[in-house]
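Here is the structure we will look at.
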Amino acid sequence: MNQSGNPSRSGSGSLVLIAAVLGGSAAAFAYTAGWLSPGRLTPEQMISALTPPSGAPFGHRRNHAKGICFTGVFEANGNGAELSSARVFERGTYAALGRFNLGTADPNAVDATVRVRGLGLQIAAADGEEWRMALINPPIFAVSTPQAFHDLLIASGKKDPEAMKMFIQANPEFTAFATWAKTAPWTTSYAEEPYHGLNSFIFTDAKGGEHAVRWSLLPTAKGTAVSQAELQSRGPDFLEQEITERVRIAGPQRWTMVTTVADPGDPTADPSKAWPEGRRTVQVGTLVVQRIEPEQDGPCRDINFDPTVLPRGIRLSDDPFPAARSSVYRKSYDLRAAEAGDYPRTGAAKP
């Protein structure tokens, strides 16, 4: 979303696992249908569903409320130009601004209790065009439709354990996500995570050819798998502390951007379904994170990482989620812009 404002005010395996997963993923994406016709899900309904029982965290984002800013560059290698005419794929260096974050509505959440980690990113070309995106570390999304995501939030908030059982029966695709949440390794750093843009977009090349794609950011830092208990011992804010110290001491951190091109017939409207192995991939560049700054006074504070903000050469596909999220972000922006006093800037000077 091109609007800016202060971060938002708000909120089958084991059901214990499900509750834990939702602590880290229910707020992972603020998805809602967003259409205004009668009977459709509204942004207001989704924001209400995202609000935790403890109440709205005033002055913070409604989803992915805990985060830290970064600035850096995107180094395009020129390979992306064969897929898209977007300026940011031409060989060169482009300004990048982003936010590491946790999939929770609680800005004070203990890091080790949140399963989903995210990265919001804006890449800007010299002509002013921007490409905004939101990525998370699971390789698939929890559900297949915006309505199902809303239903997941509602079911997970009920005390009746039958509610989640009934939800999973109606939305069996959630089982794959729950399996990832239970079995995927925990890492010790935002720098060690892969981040996936799970939605499909259409790249248009210079000749007018169209390519359905998804993309990921793959870290160059080697991941260190640890137990959740070990992470718990590192303190409630260890991820922000670790990435700050890592960049300060070890220098810039890097991720390779890899685009995956769909074959005919691959599902583009359902982010809960991974595309088969063997699809064509193109490495289009490298994200270099050069500086970390606390969100309260940082450059990412006023950015909505709305995935419908796209440069020429990239457009939406039939995937309903990006437009759905955009409608929620718009409402969320209005709320947090009015709540700036609940999350005041400190006025601290940058070092």
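If you're wondering about the labels, chains in the structure tokens are A, B, ... by order shown, residues count from 1 in each chain, ligands from 1 in order shown.
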
Subject >> Which of stretch 40-241 of chain A fall in helix (DSSP H, G or I), as a PyMOL selection string >> reply: chain A and resi 43-50+79-82+87-89+111-113+146-156+161-170+174-183+190-192+228-232+238-241

**OP:** Within 7 Å of stretch 58-74 of chain A, counting only C-alpha atoms, which residues show up once you throw out same-chain ones fewer than 4 positions away? Write them as a ChimeraX atom specification, please.
**Re:** /A:7-11,27-30,50,93-108,123,240,285-295,298-300,332,336,339-340,342-343

Subject >> Best match for closeness to A:Ala109 among A:Ala348, A:Leu335, A:Ala163, A:Leu239, counting only C-alpha atoms >> reply: A:Leu239

**OP:** Find the distance between atom CA of A:Ser272 and atom CA of A:Val88 and write it in Å to one decimal.
**Re:** 28.0 Å

Subject >> Which residue of A:Trp215, A:Phe141, A:Trp186, A:Phe174 approaches A:Leu231 most closely, using only C-alpha atoms >> reply: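 The shortest atom-to-atom distance to A:Leu231 comes from A:Trp186.
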
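The shell of residues at most 7 Å from A:Ala49, with only C-alpha atoms counted and near chain neighbours (fewer than 3 positions) removed, consists of Gln45, Met46, His150, Leu153 and Ile154 of chain A.
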
**OP:** Would you kindly return, as a list in words, each protein, DNA or RNA residue with an atom no farther than 8 Å from any atom of A:Ala191, considering only C-alpha atoms and excluding same-chain residues fewer than 6 positions away?
**Re:**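 Contacts, in chain order: Pro219, Ala221, Ile243, Gln253 and Arg254 of chain A.
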